[in-house]
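Novice: Sharing input15.tsv, TSV, C-alpha atoms and all ligand atoms:
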chain	number	residue	atom	x	y	z
A	15	MET	CA	9.96	112.28	-149.99
A	16	LYS	CA	13.54	113.31	-149.26
A	17	LYS	CA	13.08	112.37	-145.63
A	18	PHE	CA	11.50	109.07	-146.62
A	19	LEU	CA	14.43	108.30	-148.93
A	20	THR	CA	16.95	109.15	-146.21
A	21	VAL	CA	15.16	106.84	-143.79
A	22	LEU	CA	14.95	104.15	-146.43
A	23	VAL	CA	18.69	104.42	-147.13
A	24	LEU	CA	19.43	104.28	-143.41
A	25	VAL	CA	17.21	101.25	-142.99
A	26	LEU	CA	18.85	99.53	-145.93
A	27	VAL	CA	22.35	100.31	-144.65
A	28	ALA	CA	21.44	99.08	-141.18
A	29	ALA	CA	19.92	95.91	-142.64
A	30	SER	CA	22.98	95.22	-144.77
A	31	VAL	CA	25.22	95.71	-141.74
A	32	LEU	CA	23.06	93.32	-139.77
A	33	VAL	CA	23.23	90.73	-142.54
A	34	ALA	CA	26.92	91.28	-143.17
A	35	ALA	CA	28.00	91.42	-139.54
A	36	PRO	CA	27.78	87.76	-138.59
A	37	LYS	CA	29.32	86.82	-141.92
A	38	LYS	CA	32.34	88.98	-141.22
A	39	LYS	CA	32.80	87.93	-137.65
A	40	GLY	CA	31.95	84.26	-137.61
A	41	LYS	CA	32.50	83.08	-141.14
A	42	ALA	CA	35.42	84.89	-142.69
A	43	GLY	CA	38.19	82.41	-143.44
A	44	MET	CA	36.81	79.62	-141.24
A	45	ILE	CA	38.91	76.45	-141.61
A	46	GLY	CA	37.33	73.02	-141.11
A	47	LEU	CA	39.68	70.27	-139.99
A	48	ALA	CA	38.30	66.79	-140.68
A	49	MET	CA	40.42	63.99	-139.21
A	50	PRO	CA	39.58	60.34	-139.95
A	51	GLU	CA	39.74	58.57	-136.59
A	52	THR	CA	41.07	58.58	-133.06
A	53	HIS	CA	41.85	54.89	-132.56
A	54	VAL	CA	45.25	55.53	-134.11
A	55	GLU	CA	47.01	57.91	-131.72
A	56	ARG	CA	48.54	60.30	-134.24
A	57	TRP	CA	45.28	61.81	-135.48
A	58	GLN	CA	44.52	63.49	-132.16
A	59	LYS	CA	47.93	65.11	-132.33
A	60	ASP	CA	47.31	66.12	-135.94
A	61	GLY	CA	43.95	67.62	-135.02
A	62	ALA	CA	45.29	69.50	-132.01
A	63	ALA	CA	48.33	70.87	-133.87
A	64	LEU	CA	46.25	71.96	-136.89
A	65	LEU	CA	43.77	73.72	-134.64
A	66	ALA	CA	46.49	75.50	-132.68
A	67	ASP	CA	48.36	76.58	-135.82
A	68	ALA	CA	45.23	77.82	-137.60
A	69	THR	CA	44.15	79.77	-134.52
A	70	ALA	CA	47.63	81.26	-134.12
A	71	LYS	CA	47.41	82.59	-137.66
A	72	GLY	CA	44.13	84.32	-136.76
A	73	TYR	CA	41.69	81.86	-138.31
A	74	LYS	CA	38.54	80.56	-136.75
A	75	ALA	CA	38.92	76.78	-136.98
A	76	GLU	CA	37.19	73.64	-135.82
A	77	VAL	CA	38.30	70.02	-135.71
A	78	ALA	CA	36.14	66.90	-136.04
A	79	TYR	CA	37.06	63.20	-135.91
A	80	GLY	CA	35.22	60.76	-138.18
A	81	ASP	CA	35.61	57.58	-136.08
A	82	ALA	CA	36.64	55.67	-139.23
A	83	ASP	CA	33.09	56.19	-140.56
A	84	GLN	CA	32.94	58.02	-143.89
A	85	GLY	CA	29.23	58.80	-143.51
A	86	LYS	CA	29.96	60.49	-140.23
A	87	GLN	CA	32.90	62.41	-141.66
A	88	ASN	CA	30.83	63.58	-144.63
A	89	GLN	CA	28.26	64.94	-142.17
A	90	GLN	CA	31.03	66.76	-140.31
A	91	ILE	CA	32.23	68.26	-143.59
A	92	GLN	CA	28.67	69.38	-144.38
A	93	ASP	CA	28.51	71.05	-140.98
A	94	PHE	CA	31.74	72.92	-141.70
A	95	LEU	CA	30.31	74.11	-145.03
A	96	THR	CA	27.09	75.22	-143.35
A	97	LYS	CA	29.22	77.23	-140.93
A	98	GLY	CA	30.79	78.96	-143.93
A	99	ALA	CA	34.14	77.17	-144.11
A	100	LYS	CA	36.37	78.65	-146.78
A	101	LEU	CA	38.92	75.86	-146.59
A	102	LEU	CA	38.80	72.24	-145.52
A	103	VAL	CA	41.72	70.09	-144.43
A	104	ILE	CA	40.58	66.51	-144.90
A	105	GLY	CA	42.27	63.34	-143.67
A	106	SER	CA	39.69	61.08	-145.28
A	107	VAL	CA	38.40	57.71	-144.14
A	108	ASN	CA	37.91	56.35	-147.65
A	109	GLU	CA	36.92	57.30	-151.19
A	110	GLY	CA	33.32	57.89	-150.08
A	111	VAL	CA	34.53	61.38	-149.19
A	112	VAL	CA	34.36	62.47	-152.85
A	113	SER	CA	30.72	63.60	-152.62
A	114	ALA	CA	31.60	65.89	-149.71
A	115	VAL	CA	34.61	67.22	-151.64
A	116	ALA	CA	32.30	67.94	-154.60
A	117	ASP	CA	29.96	69.84	-152.26
A	118	ALA	CA	32.89	71.86	-150.97
A	119	ALA	CA	33.92	72.75	-154.52
A	120	ARG	CA	30.34	73.77	-155.31
A	121	ASP	CA	30.40	76.10	-152.28
A	122	GLY	CA	33.74	77.55	-153.39
A	123	ALA	CA	35.68	76.07	-150.45
A	124	ILE	CA	39.27	74.98	-151.03
A	125	VAL	CA	40.09	71.37	-150.10
A	126	ILE	CA	43.50	70.15	-149.01
A	127	ALA	CA	43.83	66.36	-148.84
A	128	TYR	CA	45.73	65.75	-145.62
A	129	ASP	CA	48.11	62.79	-145.27
A	130	ARG	CA	45.83	60.51	-147.35
A	131	LEU	CA	45.30	61.10	-151.06
A	132	ILE	CA	41.61	61.49	-151.92
A	133	THR	CA	41.19	59.25	-154.95
A	134	GLY	CA	38.37	59.45	-157.49
A	135	SER	CA	37.91	63.23	-157.19
A	136	LYS	CA	38.49	66.05	-159.67
A	137	ASP	CA	37.35	68.67	-157.17
A	138	TYR	CA	40.53	69.61	-155.37
A	139	ASP	CA	44.11	70.57	-156.23
A	140	TYR	CA	46.31	70.17	-153.16
A	141	TYR	CA	47.67	67.22	-151.21
A	142	ILE	CA	50.10	67.37	-148.31
A	143	THR	CA	51.73	64.34	-146.73
A	144	PHE	CA	55.02	62.64	-145.95
A	145	ASP	CA	57.08	60.72	-148.47
A	146	ASN	CA	55.11	57.54	-147.87
A	147	TYR	CA	57.08	55.39	-150.31
A	148	LYS	CA	60.13	56.23	-148.21
A	149	VAL	CA	58.26	55.14	-145.07
A	150	GLY	CA	57.86	51.70	-146.66
A	151	GLN	CA	61.49	51.66	-147.79
A	152	PHE	CA	62.60	52.33	-144.21
A	153	GLN	CA	60.54	49.34	-143.08
A	154	GLY	CA	61.96	47.10	-145.80
A	155	LYS	CA	65.52	48.23	-145.14
A	156	ALA	CA	65.16	47.65	-141.40
A	157	ILE	CA	64.13	44.03	-142.09
A	158	GLU	CA	66.93	43.65	-144.65
A	159	ALA	CA	69.50	44.77	-142.07
A	160	ALA	CA	68.08	42.96	-139.03
A	161	LEU	CA	67.87	39.63	-140.91
A	162	ASN	CA	71.15	40.24	-142.73
A	163	LEU	CA	69.40	39.29	-145.95
A	164	ALA	CA	72.53	39.99	-147.97
A	165	ALA	CA	74.05	36.89	-146.40
A	166	ALA	CA	70.92	34.70	-146.45
A	167	THR	CA	70.80	31.74	-148.84
A	168	LYS	CA	68.19	29.70	-150.65
A	169	ALA	CA	69.36	26.67	-148.66
A	170	ALA	CA	68.64	28.40	-145.35
A	171	PRO	CA	66.14	31.15	-146.19
A	172	LYS	CA	64.72	33.70	-143.78
A	173	LYS	CA	60.96	33.70	-143.28
A	174	ILE	CA	58.57	36.61	-143.23
A	175	ALA	CA	54.82	37.30	-142.99
A	176	LEU	CA	53.28	40.38	-144.60
A	177	PHE	CA	50.68	42.81	-143.27
A	178	ALA	CA	49.35	45.98	-144.88
A	179	GLY	CA	47.06	48.82	-143.80
A	180	SER	CA	43.49	49.57	-144.76
A	181	PRO	CA	42.53	48.50	-148.29
A	182	THR	CA	40.64	51.80	-148.67
A	183	ASP	CA	43.61	53.97	-147.72
A	184	ASN	CA	45.88	54.81	-150.67
A	185	ASN	CA	48.79	55.17	-148.25
A	186	ALA	CA	48.59	51.46	-147.41
A	187	LYS	CA	49.57	50.62	-150.99
A	188	VAL	CA	52.40	53.13	-151.06
A	189	PHE	CA	53.87	51.90	-147.76
A	190	PHE	CA	53.70	48.31	-148.97
A	191	ASP	CA	55.29	49.07	-152.34
A	192	GLY	CA	58.14	50.92	-150.65
A	193	ALA	CA	58.83	47.95	-148.37
A	194	ILE	CA	58.35	45.12	-150.85
A	195	ASP	CA	60.55	46.85	-153.45
A	196	VAL	CA	63.42	46.42	-150.96
A	197	LEU	CA	62.51	42.81	-150.11
A	198	ARG	CA	61.45	41.48	-153.54
A	199	PRO	CA	64.98	40.71	-154.85
A	200	TYR	CA	65.54	38.38	-151.87
A	201	VAL	CA	62.18	36.68	-152.41
A	202	GLU	CA	63.03	36.18	-156.08
A	203	LYS	CA	66.44	34.76	-155.12
A	204	GLY	CA	64.78	32.38	-152.66
A	205	SER	CA	66.73	33.68	-149.67
A	206	LEU	CA	63.55	35.18	-148.20
A	207	VAL	CA	60.36	33.11	-148.08
A	208	ILE	CA	56.96	34.71	-147.59
A	209	VAL	CA	54.72	32.68	-145.29
A	210	GLY	CA	51.00	33.15	-146.01
A	211	PRO	CA	49.64	35.35	-148.81
A	212	ALA	CA	52.53	36.68	-150.90
A	213	PRO	CA	51.78	39.78	-153.00
A	214	LEU	CA	54.90	41.23	-154.60
A	215	LYS	CA	53.29	44.59	-155.31
A	216	SER	CA	50.16	46.35	-154.08
A	217	SER	CA	48.39	45.78	-157.41
A	218	ASP	CA	48.67	41.96	-157.02
A	219	ALA	CA	45.37	40.24	-156.20
A	220	ALA	CA	46.90	38.74	-153.04
A	221	PHE	CA	47.38	42.24	-151.60
A	222	THR	CA	43.77	42.26	-150.40
A	223	LYS	CA	44.58	39.18	-148.29
A	224	ILE	CA	47.18	41.04	-146.24
A	225	THR	CA	45.26	44.31	-145.74
A	226	THR	CA	43.66	45.33	-142.45
A	227	GLU	CA	40.23	46.94	-142.67
A	228	ASN	CA	40.30	50.48	-141.24
A	229	TRP	CA	43.71	49.85	-139.68
A	230	ARG	CA	42.04	47.96	-136.81
A	231	ALA	CA	44.33	46.29	-134.29
A	232	ASP	CA	41.86	43.53	-133.43
A	233	ILE	CA	41.71	42.49	-137.09
A	234	ALA	CA	45.51	42.35	-137.39
A	235	LYS	CA	45.78	40.39	-134.15
A	236	ALA	CA	43.18	37.85	-135.29
A	237	ARG	CA	44.94	37.45	-138.64
A	238	MET	CA	48.29	36.93	-136.90
A	239	GLU	CA	46.77	34.30	-134.60
A	240	ASN	CA	45.30	32.61	-137.63
A	241	LEU	CA	48.68	32.57	-139.39
A	242	LEU	CA	50.35	31.13	-136.28
A	243	ASN	CA	47.82	28.31	-136.23
A	244	ASN	CA	47.93	27.60	-139.96
A	245	ASP	CA	50.51	28.74	-142.56
A	246	ALA	CA	53.10	29.65	-139.93
A	247	LYS	CA	52.45	26.69	-137.63
A	248	LYS	CA	55.47	24.66	-138.64
A	249	VAL	CA	57.92	27.48	-139.27
A	250	VAL	CA	59.68	30.07	-137.17
A	251	LEU	CA	59.10	33.56	-138.55
A	252	ASP	CA	62.14	35.81	-138.62
A	253	ALA	CA	60.22	38.97	-139.44
A	254	ILE	CA	56.79	40.47	-139.88
A	255	LEU	CA	56.21	43.49	-142.06
A	256	ALA	CA	53.75	45.59	-140.04
A	257	PRO	CA	52.63	48.88	-141.59
A	258	ASN	CA	52.12	50.97	-138.45
A	259	ASP	CA	52.64	50.90	-134.70
A	260	THR	CA	49.03	50.18	-133.75
A	261	LEU	CA	49.09	47.01	-135.85
A	262	ALA	CA	52.69	46.16	-134.92
A	263	ARG	CA	51.83	45.92	-131.23
A	264	ALA	CA	48.75	43.80	-131.95
A	265	ILE	CA	50.91	41.44	-134.02
A	266	ILE	CA	53.61	41.32	-131.33
A	267	GLU	CA	50.92	40.51	-128.75
A	268	ALA	CA	49.73	37.56	-130.83
A	269	CYS	CA	53.30	36.26	-131.29
A	270	ALA	CA	54.16	36.71	-127.61
A	271	SER	CA	51.46	34.24	-126.61
A	272	ASP	CA	52.94	31.58	-128.90
A	273	ALA	CA	55.52	29.50	-126.99
A	274	LYS	CA	57.78	29.39	-130.06
A	275	TYR	CA	58.47	33.09	-129.69
A	276	ALA	CA	58.81	33.18	-125.91
A	277	LYS	CA	62.56	33.81	-126.09
A	278	LYS	CA	62.88	35.63	-129.38
A	279	LEU	CA	60.18	37.59	-131.15
A	280	PRO	CA	60.26	38.10	-134.91
A	281	VAL	CA	61.61	41.44	-136.17
A	282	VAL	CA	58.50	43.64	-136.39
A	283	THR	CA	58.38	47.02	-138.16
A	284	GLY	CA	56.09	49.97	-137.48
A	285	GLN	CA	55.29	53.57	-138.18
A	286	ASP	CA	54.09	56.75	-136.39
A	287	GLY	CA	56.34	56.81	-133.34
A	288	GLU	CA	53.46	56.00	-130.99
A	289	VAL	CA	54.45	56.26	-127.36
A	290	ALA	CA	53.78	52.56	-126.58
A	291	SER	CA	55.89	51.52	-129.57
A	292	ILE	CA	58.79	53.69	-128.44
A	293	ALA	CA	58.66	51.73	-125.18
A	294	ALA	CA	58.48	48.47	-127.17
A	295	ILE	CA	61.54	49.54	-129.20
A	296	ARG	CA	63.44	50.43	-126.03
A	297	ASP	CA	62.50	47.01	-124.61
A	298	GLY	CA	63.58	45.17	-127.78
A	299	LYS	CA	60.07	43.96	-128.71
A	300	GLN	CA	59.52	46.12	-131.80
A	301	ASN	CA	62.42	46.66	-134.18
A	302	MET	CA	61.68	50.14	-135.52
A	303	THR	CA	59.13	52.79	-136.27
A	304	VAL	CA	58.97	55.70	-138.69
A	305	PHE	CA	58.41	59.12	-137.19
A	306	LYS	CA	56.25	61.48	-139.17
A	307	ASP	CA	56.27	64.64	-137.09
A	308	THR	CA	52.62	65.70	-136.96
A	309	ARG	CA	53.70	69.14	-135.68
A	310	LYS	CA	55.59	69.73	-138.92
A	311	LEU	CA	52.81	68.40	-141.13
A	312	ALA	CA	50.25	70.56	-139.36
A	313	ALA	CA	52.41	73.70	-139.55
A	314	ALA	CA	53.11	73.16	-143.26
A	315	THR	CA	49.41	72.55	-143.92
A	316	ILE	CA	48.31	75.76	-142.25
A	317	GLU	CA	51.05	77.63	-144.11
A	318	LEU	CA	49.61	76.19	-147.34
A	319	ALA	CA	46.04	77.01	-146.28
A	320	ASP	CA	47.01	80.57	-145.41
A	321	ALA	CA	48.69	81.14	-148.79
A	322	LEU	CA	45.72	79.68	-150.68
A	323	LEU	CA	43.17	81.71	-148.73
A	324	LYS	CA	45.17	84.86	-149.46
A	325	GLY	CA	45.42	83.96	-153.13
A	326	GLN	CA	49.19	83.71	-152.92
A	327	THR	CA	51.48	81.13	-154.53
A	328	PRO	CA	52.39	78.69	-151.77
A	329	SER	CA	56.03	78.08	-150.93
A	330	ILE	CA	56.18	75.62	-148.06
A	331	ALA	CA	59.42	75.42	-146.10
A	332	GLY	CA	60.63	71.85	-145.55
A	333	ALA	CA	58.27	70.32	-148.12
A	334	ARG	CA	59.11	69.05	-151.61
A	335	LEU	CA	56.56	69.92	-154.29
A	336	ASP	CA	55.69	67.06	-156.65
A	337	THR	CA	53.29	68.01	-159.43
A	338	THR	CA	53.51	64.84	-161.49
A	339	SER	CA	53.24	61.71	-159.31
A	340	TYR	CA	49.93	62.06	-157.48
A	341	ASP	CA	46.90	61.24	-159.58
A	342	THR	CA	43.43	60.90	-158.08
A	343	GLY	CA	42.33	58.89	-161.09
A	344	LYS	CA	40.56	62.03	-162.33
A	345	LYS	CA	43.39	64.56	-162.24
A	346	LYS	CA	46.94	65.21	-161.05
A	347	VAL	CA	47.14	67.17	-157.81
A	348	LYS	CA	49.99	69.22	-156.41
A	349	ALA	CA	51.61	67.21	-153.63
A	350	TYR	CA	53.78	68.63	-150.86
A	351	LEU	CA	55.95	65.94	-149.30
A	352	LEU	CA	57.67	66.06	-145.93
A	353	GLU	CA	60.53	63.82	-144.86
A	354	PRO	CA	59.90	60.87	-142.53
A	355	VAL	CA	62.56	59.78	-140.04
A	356	ILE	CA	63.52	56.21	-139.17
A	357	VAL	CA	63.53	55.46	-135.43
A	358	ASN	CA	65.14	52.51	-133.69
A	359	LYS	CA	66.85	51.60	-130.44
A	360	ASP	CA	69.90	53.67	-131.33
A	361	ASN	CA	68.22	57.00	-131.99
A	362	TYR	CA	64.79	57.00	-130.33
A	363	LYS	CA	65.97	59.29	-127.54
A	364	ALA	CA	67.41	61.86	-129.92
A	365	VAL	CA	64.47	61.81	-132.33
A	366	MET	CA	61.48	61.40	-130.04
A	367	ILE	CA	62.56	62.93	-126.74
A	368	ASP	CA	65.24	65.53	-127.46
A	369	SER	CA	62.92	66.97	-130.14
A	370	GLY	CA	60.32	67.55	-127.40
A	371	TYR	CA	57.73	65.24	-128.98
A	372	TYR	CA	57.65	63.11	-125.82
A	373	LYS	CA	58.99	63.53	-122.34
A	374	GLU	CA	61.23	60.74	-121.03
A	375	SER	CA	58.53	60.04	-118.41
A	376	ASP	CA	55.92	59.46	-121.15
A	377	ILE	CA	57.76	56.30	-122.24
A	378	LYS	CA	56.38	53.80	-119.75
A	401	LIG	C1	48.71	57.24	-141.98
A	401	LIG	C2	49.46	56.52	-140.90
A	401	LIG	C3	48.49	55.88	-139.92
A	401	LIG	C4	47.40	55.11	-140.64
A	401	LIG	C5	46.31	54.63	-139.70
A	401	LIG	C6	47.73	56.31	-142.62
A	401	LIG	O1	47.04	56.93	-143.66
A	401	LIG	O2	49.61	57.76	-142.94
A	401	LIG	O3	50.31	57.42	-140.25
A	401	LIG	O4	49.15	55.01	-139.06
A	401	LIG	O5	46.80	55.89	-141.64
A	401	LIG	O6	45.65	55.70	-139.11
Output the file's structure in the form of structure tokens.

Specialist:
Amino acid sequence: MKKFLTVLVLVLVAASVLVAAPKKKGKAGMIGLAMPETHVERWQKDGAALLADATAKGYKAEVAYGDADQGKQNQQIQDFLTKGAKLLVIGSVNEGVVSAVADAARDGAIVIAYDRLITGSKDYDYYITFDNYKVGQFQGKAIEAALNLAAATKAAPKKIALFAGSPTDNNAKVFFDGAIDVLRPYVEKGSLVIVGPAPLKSSDAAFTKITTENWRADIAKARMENLLNNDAKKVVLDAILAPNDTLARAIIEACASDAKYAKKLPVVTGQDGEVASIAAIRDGKQNMTVFKDTRKLAAATIELADALLKGQTPSIAGARLDTTSYDTGKKKVKAYLLEPVIVNKDNYKAVMIDSGYYKESDIK
């Protein structure tokens, strides 16, 4: 009997080791990194930096790109959960991600909303991003300065067309509000005239007319061509508010094939510091961009993830904690905000090249 019990204990111990072993090796602290798309350049840099930083801190991590398809991204999130992910960093495609976030919560995995707020969910507590309102303010201020709006008059107003990002991306509203808050006083004074749909805040019904489904360049280009052939046919546009670089270049392309703009393009804004837009800024085709250093966002995110996984109180260097402003519609989440940087002809070398983000030879 004694012998039998000893054998039984040994068998049980061996079995538990066998069961526990893969859990310990493969699953402990696995981090799933779900990025929304690759057609906008930054996300591949985000994904690569997150992966490198997580690995450097000793985590097993995987990255997946959703191709702007929420169904696909939800499947990727399910796969991470099946693999035992303890934490998910999610740059969502749209609000359809909430079911996957609920599944993560059910499995006890921590979710960090990355760059884009996940609205409509009560199942997560942390959001990390840049100060996106400031991104929009930079765009508005660049137009204000380039058009010298302070000196413009109702008798000879400046003219602008408005574009916004994806209607399903909360950031698109925040960028627009930041920009239009700078421009609105001039519109109200009559010294700046909006050509085409004219929302004066993101909650206006007309906002949906200036949005660009899934941030797609072809959609922005087609809308710009349409404007040039209709509302903007008989006017010369001085500026176009473009929300990011991918769309800015599509808009510039449409304007460049209109004879009216052969000598002088409108002032076009941007965001992300994409390599082709840095070249366009150098060449005087795009007025500005806003650099949101993905290396810094990734590093801060993994710092946050590490603290949360260790049950520590996060303190993230270089990020401002805002516990009151970010509401998913179901709850307030803790938001960590990093600082964006304005980039134009005067400082692109210092910001984008001296910082090591690009090599001079990358800027073709
Ligand atoms: C990001 C931008 C990006 C856009 C399109 C936004 O949520 O904040 O940096 O250009 O999505 O991918």

Novice: How many Å separate atom CA of A:Asp191 from atom CA of A:Ser113?

Specialist: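 Between atom CA of A:Asp191 and atom CA of A:Ser113 the gap works out to 28.5 Å.
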
Novice: Can you measure atom CA of A:Val54 to atom C4 of ligand LIG 401 (chain A) for me? One decimal in Å is fine.

Specialist: 6.9 Å

Novice: If we count all atoms listed in the file and set the cut-off at 12 Å, which residues sit around A:Ile157, ignoring sequence neighbours fewer than 5 positions away in its own chain? Please answer as a short mmCIF file (atom, residue, chain, number, x, y, z; two decimals) with C-alpha atoms, in the frame of the given file.

Specialist:
data_model
loop_
_atom_site.label_atom_id
_atom_site.label_comp_id
_atom_site.auth_asym_id
_atom_site.auth_seq_id
_atom_site.Cartn_x
_atom_site.Cartn_y
_atom_site.Cartn_z
CA GLY A 150 57.86 51.70 -146.66
CA GLN A 151 61.49 51.66 -147.79
CA PHE A 152 62.60 52.33 -144.21
CA ASN A 162 71.15 40.24 -142.73
CA LEU A 163 69.40 39.29 -145.95
CA ALA A 164 72.53 39.99 -147.97
CA LYS A 172 64.72 33.70 -143.78
CA LYS A 173 60.96 33.70 -143.28
CA ILE A 174 58.57 36.61 -143.23
CA ALA A 175 54.82 37.30 -142.99
CA LEU A 176 53.28 40.38 -144.60
CA ALA A 193 58.83 47.95 -148.37
CA ILE A 194 58.35 45.12 -150.85
CA VAL A 196 63.42 46.42 -150.96
CA LEU A 197 62.51 42.81 -150.11
CA TYR A 200 65.54 38.38 -151.87
CA LEU A 206 63.55 35.18 -148.20
CA ASP A 252 62.14 35.81 -138.62
CA ALA A 253 60.22 38.97 -139.44
CA ILE A 254 56.79 40.47 -139.88
CA LEU A 255 56.21 43.49 -142.06
CA ALA A 256 53.75 45.59 -140.04
CA PRO A 280 60.26 38.10 -134.91
CA VAL A 281 61.61 41.44 -136.17
CA VAL A 282 58.50 43.64 -136.39
CA THR A 283 58.38 47.02 -138.16
CA GLY A 284 56.09 49.97 -137.48
CA GLN A 300 59.52 46.12 -131.80
CA ASN A 301 62.42 46.66 -134.18
CA MET A 302 61.68 50.14 -135.52
CA THR A 303 59.13 52.79 -136.27
CA ASN A 358 65.14 52.51 -133.69
#

Novice: Neighbouring residues of A:Arg56 were defined as those with any atom within 8 Å, considering all atoms listed in the file; residues of the same chain fewer than 2 positions away were excluded. Please report them as a count of residues only.

Specialist: 8

Novice: Kindly indicate which residue among A:Asp272, A:Asp183, A:Glu76, A:Glu227 lies nearest to ligand LIG 401 (chain A), using only C-alpha atoms and all ligand atoms for the distances.

Specialist: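 Using only C-alpha atoms and all ligand atoms, ligand LIG 401 (chain A) sits closest to A:Asp183.
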
Novice: Using all atoms listed in the file, can you tell me which of A:Ala246, A:Val107, A:Ile377, A:Ile124 comes closest to ligand LIG 401 (chain A)?

Specialist: A:Val107

Novice: Leaving out A:Tyr73 and any residue of its chain fewer than 4 positions from it, which residues lie within 12 Å of it when counting all atoms listed in the file, given as an NGL selection string?

Specialist: :A and (39-47 or 64-69 or 99-101 or 316-317 or 319-320 or 323)

Novice: 6 Å from ligand LIG 401 (chain A) is the threshold here; counting only C-alpha atoms and all ligand atoms, which polymer residues fall inside it? Answer as an MDAnalysis selection string.

Specialist: chainID A and resid 54 129:130 185 229 258 286

Novice: Quote the spacing between atom CA of A:Lys348 and atom CA of A:Val304 in Å to one decimal place.

Specialist: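 Calculated distance between atom CA of A:Lys348 and atom CA of A:Val304 is 24.0 Å.
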
Novice: Using only C-alpha atoms, list the residues that have an atom at most 9 Å from (49.1, 46.7, -134.3), coordinates as in the file, as a ChimeraX atom specification.

Specialist: /A:229-235,256-267,284

Novice: Near A:Thr342, within 12 Å and counting only C-alpha atoms, which residues show up once chain neighbours fewer than 2 positions away are dropped, as JSON, numbers by chain?

Specialist: {"A": [109, 112, 127, 130, 131, 132, 133, 134, 135, 136, 137, 138, 139, 140, 141, 184, 338, 339, 340, 344, 345, 346, 347, 348, 349]}

Novice: Could you list, as a list in words, every residue within 10 Å of A:Lys378, counting only C-alpha atoms and ignoring same-chain residues fewer than 6 positions away?

Specialist: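 Those residues are Val289, Ala290, Ile292, Ala293 and Ala294 of chain A.
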
Novice: Can you give me N, CA and C atoms for stretch 145-160 of chain A, written as a PDB file, keeping the file's coordinate frame?

Specialist:
ATOM      1  N   ASP A 145      56.648  61.590-147.384  1.00  0.00           N
ATOM      2  CA  ASP A 145      57.080  60.720-148.470  1.00  0.00           C
ATOM      3  C   ASP A 145      56.770  59.280-148.030  1.00  0.00           C
ATOM      4  N   ASN A 146      55.591  58.818-148.399  1.00  0.00           N
ATOM      5  CA  ASN A 146      55.110  57.540-147.870  1.00  0.00           C
ATOM      6  C   ASN A 146      55.808  56.324-148.487  1.00  0.00           C
ATOM      7  N   TYR A 147      56.299  56.478-149.700  1.00  0.00           N
ATOM      8  CA  TYR A 147      57.080  55.390-150.310  1.00  0.00           C
ATOM      9  C   TYR A 147      58.359  55.181-149.474  1.00  0.00           C
ATOM     10  N   LYS A 148      58.928  56.300-149.044  1.00  0.00           N
ATOM     11  CA  LYS A 148      60.130  56.230-148.210  1.00  0.00           C
ATOM     12  C   LYS A 148      59.837  55.564-146.865  1.00  0.00           C
ATOM     13  N   VAL A 149      58.651  55.798-146.329  1.00  0.00           N
ATOM     14  CA  VAL A 149      58.260  55.140-145.070  1.00  0.00           C
ATOM     15  C   VAL A 149      58.368  53.630-145.256  1.00  0.00           C
ATOM     16  N   GLY A 150      57.811  53.139-146.371  1.00  0.00           N
ATOM     17  CA  GLY A 150      57.860  51.700-146.660  1.00  0.00           C
ATOM     18  C   GLY A 150      59.290  51.226-146.877  1.00  0.00           C
ATOM     19  N   GLN A 151      60.079  52.036-147.574  1.00  0.00           N
ATOM     20  CA  GLN A 151      61.490  51.660-147.790  1.00  0.00           C
ATOM     21  C   GLN A 151      62.227  51.510-146.466  1.00  0.00           C
ATOM     22  N   PHE A 152      61.962  52.420-145.535  1.00  0.00           N
ATOM     23  CA  PHE A 152      62.600  52.330-144.210  1.00  0.00           C
ATOM     24  C   PHE A 152      62.244  50.999-143.552  1.00  0.00           C
ATOM     25  N   GLN A 153      60.975  50.597-143.696  1.00  0.00           N
ATOM     26  CA  GLN A 153      60.540  49.340-143.080  1.00  0.00           C
ATOM     27  C   GLN A 153      61.252  48.157-143.742  1.00  0.00           C
ATOM     28  N   GLY A 154      61.294  48.174-145.066  1.00  0.00           N
ATOM     29  CA  GLY A 154      61.960  47.100-145.800  1.00  0.00           C
ATOM     30  C   GLY A 154      63.444  47.028-145.472  1.00  0.00           C
ATOM     31  N   LYS A 155      64.073  48.199-145.409  1.00  0.00           N
ATOM     32  CA  LYS A 155      65.520  48.230-145.140  1.00  0.00           C
ATOM     33  C   LYS A 155      65.838  47.772-143.719  1.00  0.00           C
ATOM     34  N   ALA A 156      64.933  48.081-142.787  1.00  0.00           N
ATOM     35  CA  ALA A 156      65.160  47.650-141.400  1.00  0.00           C
ATOM     36  C   ALA A 156      65.126  46.120-141.332  1.00  0.00           C
ATOM     37  N   ILE A 157      64.204  45.505-142.065  1.00  0.00           N
ATOM     38  CA  ILE A 157      64.130  44.030-142.090  1.00  0.00           C
ATOM     39  C   ILE A 157      65.373  43.473-142.791  1.00  0.00           C
ATOM     40  N   GLU A 158      65.747  44.094-143.891  1.00  0.00           N
ATOM     41  CA  GLU A 158      66.930  43.650-144.650  1.00  0.00           C
ATOM     42  C   GLU A 158      68.162  43.635-143.738  1.00  0.00           C
ATOM     43  N   ALA A 159      68.325  44.679-142.937  1.00  0.00           N
ATOM     44  CA  ALA A 159      69.500  44.770-142.070  1.00  0.00           C
ATOM     45  C   ALA A 159      69.394  43.803-140.893  1.00  0.00           C
ATOM     46  N   ALA A 160      68.218  43.780-140.234  1.00  0.00           N
ATOM     47  CA  ALA A 160      68.080  42.960-139.030  1.00  0.00           C
ATOM     48  C   ALA A 160      68.217  41.466-139.338  1.00  0.00           C
TER      49      ALA A 160
END
